[in-house]
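S.K.: This is the structure I have questions about; it appears just below.
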2 protein chains.
Amino acid sequence: MVSIKKIARDIGVSTATVSNALTGKGRVSEAMVARIRARAEELGYRPSVAARALKTGQTGILGLVMPDLTNPLFPRIAQTLSLAAETRQLGILIADSRGSADEQGEALRRLVGRGVDGLLVVPQKGTTPDPMPVPMAIINTASDPTNSVSADHAGGGALIARHIADIGHRKVVILGGDRVSEVQRDRIAGMTRALRDDMGHRVCWGEVGVAQAVAEVQAGATAIMTTSDLIALQVRSELMRAQISVPGQVSLTGFDDMSFAPIMHPALTTVAQDVDEIAHRAIEILTARIAGTPSDREGQTVPMRLVLRQSTSIPTHPAQRRSIP
Amino acid sequence: MVSIKKIARDIGVSTATVSNALTGKGRVSEAMVARIRARAEELGYRPSVAARALKTGQTGILGLVMPDLTNPLFPRIAQTLSLAAETRQLGILIADSRGSADEQGEALRRLVGRGVDGLLVVPQKGTTPDPMPVPMAIINTASDPTNSVSADHAGGGALIARHIADIGHRKVVILGGDRVSEVQRDRIAGMTRALRDDMGHRVCWGEVGVAQAVAEVQAGATAIMTTSDLIALQVRSELMRAQISVPGQVSLTGFDDMSFAPIMHPALTTVAQDVDEIAHRAIEILTARIAGTPSDREGQTVPMRLVLRQSTSIPTHPAQRRSIP
DNA sequence: CCTGCTTGATTAATCGTTCAAGCAAGGGGG
DNA sequence: CCCCCTTGCTTGAACGATTAATCAAGCAGG
């Protein structure tokens with residue numbers, strides 16, 4: 001491997017000068033900088049990250065901890081995050097917190113042990129990660145005060161509920177996956193808040209909730225709003241079994257615009273996160289914290305976007321409709 | 001931060017002795033090892049990875065390059081890989097090759113620049129990654145000779161085709177997503193090989209292939225075998241539009257057993273990769289190569305597993321069935 | 001009693017980079 | 001003419017670990 005020393009010997013200067021020339025820090029003449037740069041290029045010099053890390057205490061690596069990568073949304077975040085990090089010359093070391101809060105803490109400690117400069121955390125449902133001796137950025141749990149950046153889950157819920165209200169639904173079911181999820185609670189809070197006064201709703205949760213929702217439909221509800229596309233897909237399956245058509249007899253909505261949402265039948269009306277924006281902000285906030293200059297965009301939420309597709313429509317029977325002004 | 005030096009001073013020995021005691025390398029008395037270990041524990045000593053990397057040239061970090069993390073299968077591999085790496089005290093630095101082969105090369109070079117000890121690569125469709133100056137393990141393109149470990153895609157295709165044959169189908173459609181994908185070609189090769197002599201089949205590709213497949217069904221085909229659950233979901237949607245029932249009028253199969261496969265309607269018959277096994281072998285092979293002791297399991301494929309669900313059944317009309325012995 | 005081996009520790013160099021401090025030379029102001 | 005400032009480069013000491021070489025002491029065998 002070619003080091004700074006080799007270049008120094010080649011040109012006949014000290015290693016300090018080479019270092020200065022390459023990093024642009026000390027005082028080096030224009031001409032010398034050019035010569036050194038050229039030779040470095042020629043030799044294909046790559047600075048040793050290890051040596052630099054040892055000396056400066058900065059590794060240029062961020063740790064990323066995610067809960068259970070099987071949720072198809074997280075990879076998208078990971079991908080964008082890695083892209084955003086890359087433009088800042090940072091690397092991303094991954095770890096996943098596999099279900100438990102303990103594992104999450106363990107993963108964080110491991111990453112710190114590896115000398116990461118900062119941590120990006122998408123917390124386990126219903127947990128707040130322990131503070132660590134390096135800067136952290138917490139992603140995606142809007143209502144948590146320690147949060148750094150998040151989609152506006154409540155706003156997204158409101159968007160979809162308003163849509164459902166606008167097209168005339170009166171009796172609706174809201175279906176969540178897991179009560180402990182801060183994110184899902186936020187979404188549901190947004191939904192209920194946006195419902196109109198002349199509307200009725202019921203909130204159901206989890207596996208049993210799916211059956212309850214179907215029962216509600218049979219009892220006259222005309223829309224089911226879920227907190228995840230995954231749940232919506234499952235509901236779709238149950239509705240089919242019960243011979244209930246979508247959107248003919250009931251409108252159905254998801255959340256997150258996952259990969260299969262546009263290709264299922266009917267294509268799912270849902271709400272999308274601006275994953276790009278969230279990832280970029282997370283990196284921005286974290287690098288700012290590392291540099292010691294807190295960003296002013298901390299804690300702000302990123303708006304969500306309504307994606308209208310074919311799974312929602314106005315209620316078939318006029319009797320079931322709201323009177324729209 | 002507490003260093004080896006601090007421990008040495010505390011106990012009154014040289015840093016070399018501490019290093020030896022902690023790594024178990026040189027000659028240190030039992031008693032001394034115990035004292036040093038204890039003190040290190042007490043102080044919460046963590047070796048500096050940077051210093052160690054600088055001296056030894058090994059970072060304990062593996063690079064992982066994946067094509068487009070939005071394919072829901074890859075995250076599962078990433079997750080298992082990170083778990084497997086962890087048990088060997090290794091970290092995983094991610095990068096994704098976002099569509100292009102150029103990006104893939106770029107990602108590899110970046111990771112090498114960061115000093116990774118080895119590279120895990122799930123290659124971009126139809127590409128073979130450039131050789132790099134560190135050991136590599138190539139994952140998941142069975143028919144490629146540079147491959148290190150892969151699911152037995154052809155075997156998986158054979159499994160599903162045999163199932164379709166066994167339940168009596170005679171005229172079938174095979175539907176692939178992208179011709180350049182080595183993996184998909186392997187799967188299809190496996191399928192066609194496993195078809196019986198008295199069966200007829202047609203292979204279609206891509207977006208237009210979906211429509212062609214539906215047309216084939218209208219012309220008498222009773223089964224559609226796809227090379228991905230994602231494609232199957234899309235086909236399901238088109239079939240619905242054409243008022244063709246699954247599995248009543250046509251049997252449908254996917255590939256990879258993605259998250260939504262069990263919850264779509266009807267639940268999808270598909271073939272699953274043993275992601276765990278693949279990930280573990282990849283790590284094993286790579287660490288062996290790094291250590292300079294090539295593993296004997298290189299190049300072996302990992303069997304796939306048939307997952308029978310509700311999207312396949314025997315053809316409704318006896319006239320369309322094969323006569324099964 | 002001397003020699004040679006083993007045990008348990010030390011010394012000192014080294015990995016590649018950064019950075020504060022120092023130093024020589026040239027130029028301008030008084 | 002002397003002094004000081006600036007410019008451009010060098011010196012040398014870190015950073016925290018590893019490791020080959022060395023050494024002192026104890027012990028056994030001849």
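Letters for chains follow the order of the structure tokens (A, B, ...), residue numbers begin at 1 for each chain, and ligand numbers begin at 1 in the order shown.
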Please return as a ChimeraX atom specification: the residues of range 165-294 of chain A that backbone DSSP assigns to strand (DSSP E).
M.R.: /A:171-176,200-205,223-226,251-253,270-272
S.K.: Tell me which protein, DNA and RNA residues are within 12 Å of DT17 in chain C, counting only C-alpha atoms (C1' of nucleotides), leaving out same-chain ones fewer than 4 positions away, and put them as number ranges by chain.
M.R.: A: 3-5, 15-20, 22-23, 46-57; B: 50-51, 54; D: 14-15
S.K.: Counting only C-alpha atoms (C1' of nucleotides), collect the residues of chain D whose closest atom lies at most 7 Å from chain B, and write them out as number ranges by chain.
M.R.: D: 16-18
S.K.: Taking only C-alpha atoms (C1' of nucleotides) into account, what are the residues of chain C at most 10 Å from chain A, put as a list in words?
M.R.: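 Matching residues, ligands excluded from the count: DC15, DG16, DT17, DT18 and DC19 of chain C.
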S.K.: If we count only C-alpha atoms, which residues of chain A reach to within 7 Å of chain B? Please list them as a list of chain:residue names.
M.R.: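 Selected residues: A:Arg46, A:Val49, A:Ala50, A:Ala51, A:Ala53, A:Leu54, A:Leu69, A:Thr70, A:Pro72, A:Pro75, A:Arg76, A:Gln79, A:Ser82, A:Gly91, A:Ile92, A:Leu93, A:Ile94, A:Ala95, A:Asp96, A:Gly113, A:Arg114, A:Leu233, A:Gln234, A:Ser237, A:Ile263, A:Met264, A:His265.
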S.K.: Can those selected residues be exported to a file as an mmCIF file, in the first residue's frame so that it contains N, CA, C and O atoms?
M.R.:
data_model
loop_
_atom_site.group_PDB
_atom_site.id
_atom_site.type_symbol
_atom_site.label_atom_id
_atom_site.label_comp_id
_atom_site.auth_asym_id
_atom_site.auth_seq_id
_atom_site.Cartn_x
_atom_site.Cartn_y
_atom_site.Cartn_z
ATOM 1 N N ARG A 46 -4.399 6.150 -1.401
ATOM 2 C CA ARG A 46 -5.648 6.203 -0.627
ATOM 3 C C ARG A 46 -5.261 6.354 0.831
ATOM 4 O O ARG A 46 -4.541 5.502 1.352
ATOM 5 N N VAL A 49 -7.716 4.925 6.429
ATOM 6 C CA VAL A 49 -8.767 5.361 7.347
ATOM 7 C C VAL A 49 -8.422 5.017 8.781
ATOM 8 O O VAL A 49 -8.742 5.758 9.701
ATOM 9 N N ALA A 50 -7.759 3.892 8.946
ATOM 10 C CA ALA A 50 -7.415 3.459 10.299
ATOM 11 C C ALA A 50 -6.488 4.467 10.960
ATOM 12 O O ALA A 50 -6.722 4.898 12.091
ATOM 13 N N ALA A 51 -5.447 4.849 10.248
ATOM 14 C CA ALA A 51 -4.487 5.791 10.815
ATOM 15 C C ALA A 51 -5.151 7.124 11.111
ATOM 16 O O ALA A 51 -4.966 7.720 12.175
ATOM 17 N N ALA A 53 -8.278 7.643 11.648
ATOM 18 C CA ALA A 53 -9.221 7.468 12.750
ATOM 19 C C ALA A 53 -8.468 7.467 14.078
ATOM 20 O O ALA A 53 -8.898 8.073 15.054
ATOM 21 N N LEU A 54 -7.345 6.795 14.090
ATOM 22 C CA LEU A 54 -6.562 6.706 15.318
ATOM 23 C C LEU A 54 -6.141 8.094 15.773
ATOM 24 O O LEU A 54 -6.263 8.445 16.940
ATOM 25 N N LEU A 69 -35.565 -5.850 9.858
ATOM 26 C CA LEU A 69 -35.523 -5.382 8.474
ATOM 27 C C LEU A 69 -36.583 -5.987 7.563
ATOM 28 O O LEU A 69 -36.690 -5.620 6.403
ATOM 29 N N THR A 70 -37.358 -6.926 8.095
ATOM 30 C CA THR A 70 -38.346 -7.544 7.216
ATOM 31 C C THR A 70 -39.493 -6.604 6.859
ATOM 32 O O THR A 70 -40.206 -6.835 5.904
ATOM 33 N N PRO A 72 -40.857 -3.965 4.887
ATOM 34 C CA PRO A 72 -40.307 -3.480 3.618
ATOM 35 C C PRO A 72 -40.035 -1.987 3.565
ATOM 36 O O PRO A 72 -39.405 -1.515 2.642
ATOM 37 N N PRO A 75 -35.838 -1.004 4.561
ATOM 38 C CA PRO A 75 -34.781 -1.058 3.566
ATOM 39 C C PRO A 75 -34.712 0.209 2.734
ATOM 40 O O PRO A 75 -33.631 0.691 2.407
ATOM 41 N N ARG A 76 -35.871 0.752 2.416
ATOM 42 C CA ARG A 76 -35.877 1.980 1.611
ATOM 43 C C ARG A 76 -35.191 3.096 2.371
ATOM 44 O O ARG A 76 -34.457 3.905 1.807
ATOM 45 N N GLN A 79 -31.481 2.377 2.365
ATOM 46 C CA GLN A 79 -30.904 2.672 1.060
ATOM 47 C C GLN A 79 -30.657 4.172 0.881
ATOM 48 O O GLN A 79 -29.569 4.590 0.504
ATOM 49 N N SER A 82 -27.945 5.427 3.111
ATOM 50 C CA SER A 82 -26.584 5.100 2.689
ATOM 51 C C SER A 82 -26.170 5.998 1.538
ATOM 52 O O SER A 82 -25.019 6.416 1.437
ATOM 53 N N GLY A 91 -19.517 6.281 5.862
ATOM 54 C CA GLY A 91 -19.934 4.903 5.666
ATOM 55 C C GLY A 91 -21.029 4.551 6.657
ATOM 56 O O GLY A 91 -21.193 5.231 7.662
ATOM 57 N N ILE A 92 -21.784 3.523 6.343
ATOM 58 C CA ILE A 92 -22.840 3.115 7.274
ATOM 59 C C ILE A 92 -22.701 1.664 7.684
ATOM 60 O O ILE A 92 -22.676 0.763 6.859
ATOM 61 N N LEU A 93 -22.608 1.491 8.987
ATOM 62 C CA LEU A 93 -22.469 0.173 9.573
ATOM 63 C C LEU A 93 -23.842 -0.226 10.095
ATOM 64 O O LEU A 93 -24.443 0.510 10.873
ATOM 65 N N ILE A 94 -24.348 -1.379 9.644
ATOM 66 C CA ILE A 94 -25.702 -1.727 10.068
ATOM 67 C C ILE A 94 -25.748 -2.727 11.212
ATOM 68 O O ILE A 94 -24.817 -3.481 11.445
ATOM 69 N N ALA A 95 -26.864 -2.687 11.868
ATOM 70 C CA ALA A 95 -27.138 -3.660 12.913
ATOM 71 C C ALA A 95 -28.643 -3.686 13.023
ATOM 72 O O ALA A 95 -29.304 -2.672 12.813
ATOM 73 N N ASP A 96 -29.220 -4.850 13.273
ATOM 74 C CA ASP A 96 -30.644 -4.753 13.498
ATOM 75 C C ASP A 96 -31.020 -5.256 14.862
ATOM 76 O O ASP A 96 -30.335 -6.071 15.460
ATOM 77 N N GLY A 113 -18.750 0.559 20.252
ATOM 78 C CA GLY A 113 -17.482 -0.142 20.428
ATOM 79 C C GLY A 113 -16.653 -0.141 19.153
ATOM 80 O O GLY A 113 -15.428 -0.141 19.193
ATOM 81 N N ARG A 114 -17.306 -0.119 18.033
ATOM 82 C CA ARG A 114 -16.595 -0.088 16.766
ATOM 83 C C ARG A 114 -16.138 1.311 16.395
ATOM 84 O O ARG A 114 -15.565 1.528 15.345
ATOM 85 N N LEU A 233 -53.564 -5.442 3.047
ATOM 86 C CA LEU A 233 -53.517 -6.611 2.170
ATOM 87 C C LEU A 233 -54.212 -7.801 2.835
ATOM 88 O O LEU A 233 -54.971 -8.544 2.210
ATOM 89 N N GLN A 234 -53.969 -7.906 4.109
ATOM 90 C CA GLN A 234 -54.565 -8.985 4.878
ATOM 91 C C GLN A 234 -56.087 -8.826 4.942
ATOM 92 O O GLN A 234 -56.842 -9.788 4.766
ATOM 93 N N SER A 237 -57.790 -9.783 1.835
ATOM 94 C CA SER A 237 -57.928 -11.220 1.728
ATOM 95 C C SER A 237 -59.163 -11.714 2.501
ATOM 96 O O SER A 237 -59.943 -12.527 1.992
ATOM 97 N N ILE A 263 -49.650 -2.737 -7.248
ATOM 98 C CA ILE A 263 -49.945 -3.885 -8.106
ATOM 99 C C ILE A 263 -50.946 -4.854 -7.517
ATOM 100 O O ILE A 263 -51.318 -5.828 -8.153
ATOM 101 N N MET A 264 -51.407 -4.616 -6.307
ATOM 102 C CA MET A 264 -52.452 -5.505 -5.804
ATOM 103 C C MET A 264 -53.786 -5.090 -6.460
ATOM 104 O O MET A 264 -53.850 -4.104 -7.187
ATOM 105 N N HIS A 265 -54.807 -5.863 -6.205
ATOM 106 C CA HIS A 265 -56.071 -5.563 -6.866
ATOM 107 C C HIS A 265 -57.185 -5.403 -5.857
ATOM 108 O O HIS A 265 -57.447 -6.315 -5.099
#
S.K.: To one decimal place, how far is CA of Pro133 in chain A from CA of Glu298 in chain A in Å?
M.R.: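 About the pair CA of Pro133 in chain A and CA of Glu298 in chain A: they are 19.4 Å apart.
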S.K.: With a distance cut-off of 10 Å and only C-alpha atoms (C1' of nucleotides), select the neighbouring residues of DT11 in chain C, excluding the residue or stretch itself and same-chain residues fewer than 2 positions from it, and output the selection as a list in words.
M.R.: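 So, after excluding close chain neighbours, the residues are Ser14 and Ala16 of chain B; DA13 of chain C; DA21, DT22 and DC23 of chain D.
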S.K.: Could you work out how far CA of Ile139 in chain A lies from CA of Arg202 in chain A, giving the answer in Å with one decimal?
M.R.: 29.3 Å
S.K.: Neighbours of DT3 in chain C within 12 Å (only C-alpha atoms (C1' of nucleotides); same-chain residues fewer than 3 positions away dropped), as a ChimeraX atom specification?
M.R.: /D:27-30
S.K.: Could you check the closest approach to Leu252 in chain B for each of B:His317, B:His169, B:Arg187, B:Arg37 and tell me which residue wins, using only C-alpha atoms?
M.R.: B:His169
S.K.: Give the helix (DSSP H, G or I) residues of range 39-239 of chain B, as DSSP finds them on the backbone, and put them as a PyMOL selection string.
M.R.: chain B and resi 39-43+49-56+73-87+101-113+153-166+182-194+206-218+229-239
S.K.: Give me, please, the distance in Å between CA of Val134 in chain A and CA of Leu119 in chain A, quoted to one decimal.
M.R.: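 Calculated distance between CA of Val134 in chain A and CA of Leu119 in chain A is 7.1 Å.
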S.K.: Please identify all polymer residues within 12 Å of DT7 in chain C, counting only C-alpha atoms (C1' of nucleotides), omitting same-chain residues fewer than 4 positions from it, and present them as a list in words.
M.R.: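 Surrounding residues, per the criterion: Gly26, Arg27, Val28, Ser29 and Glu30 of chain B; DC23, DA24, DA25, DG26 and DC27 of chain D.
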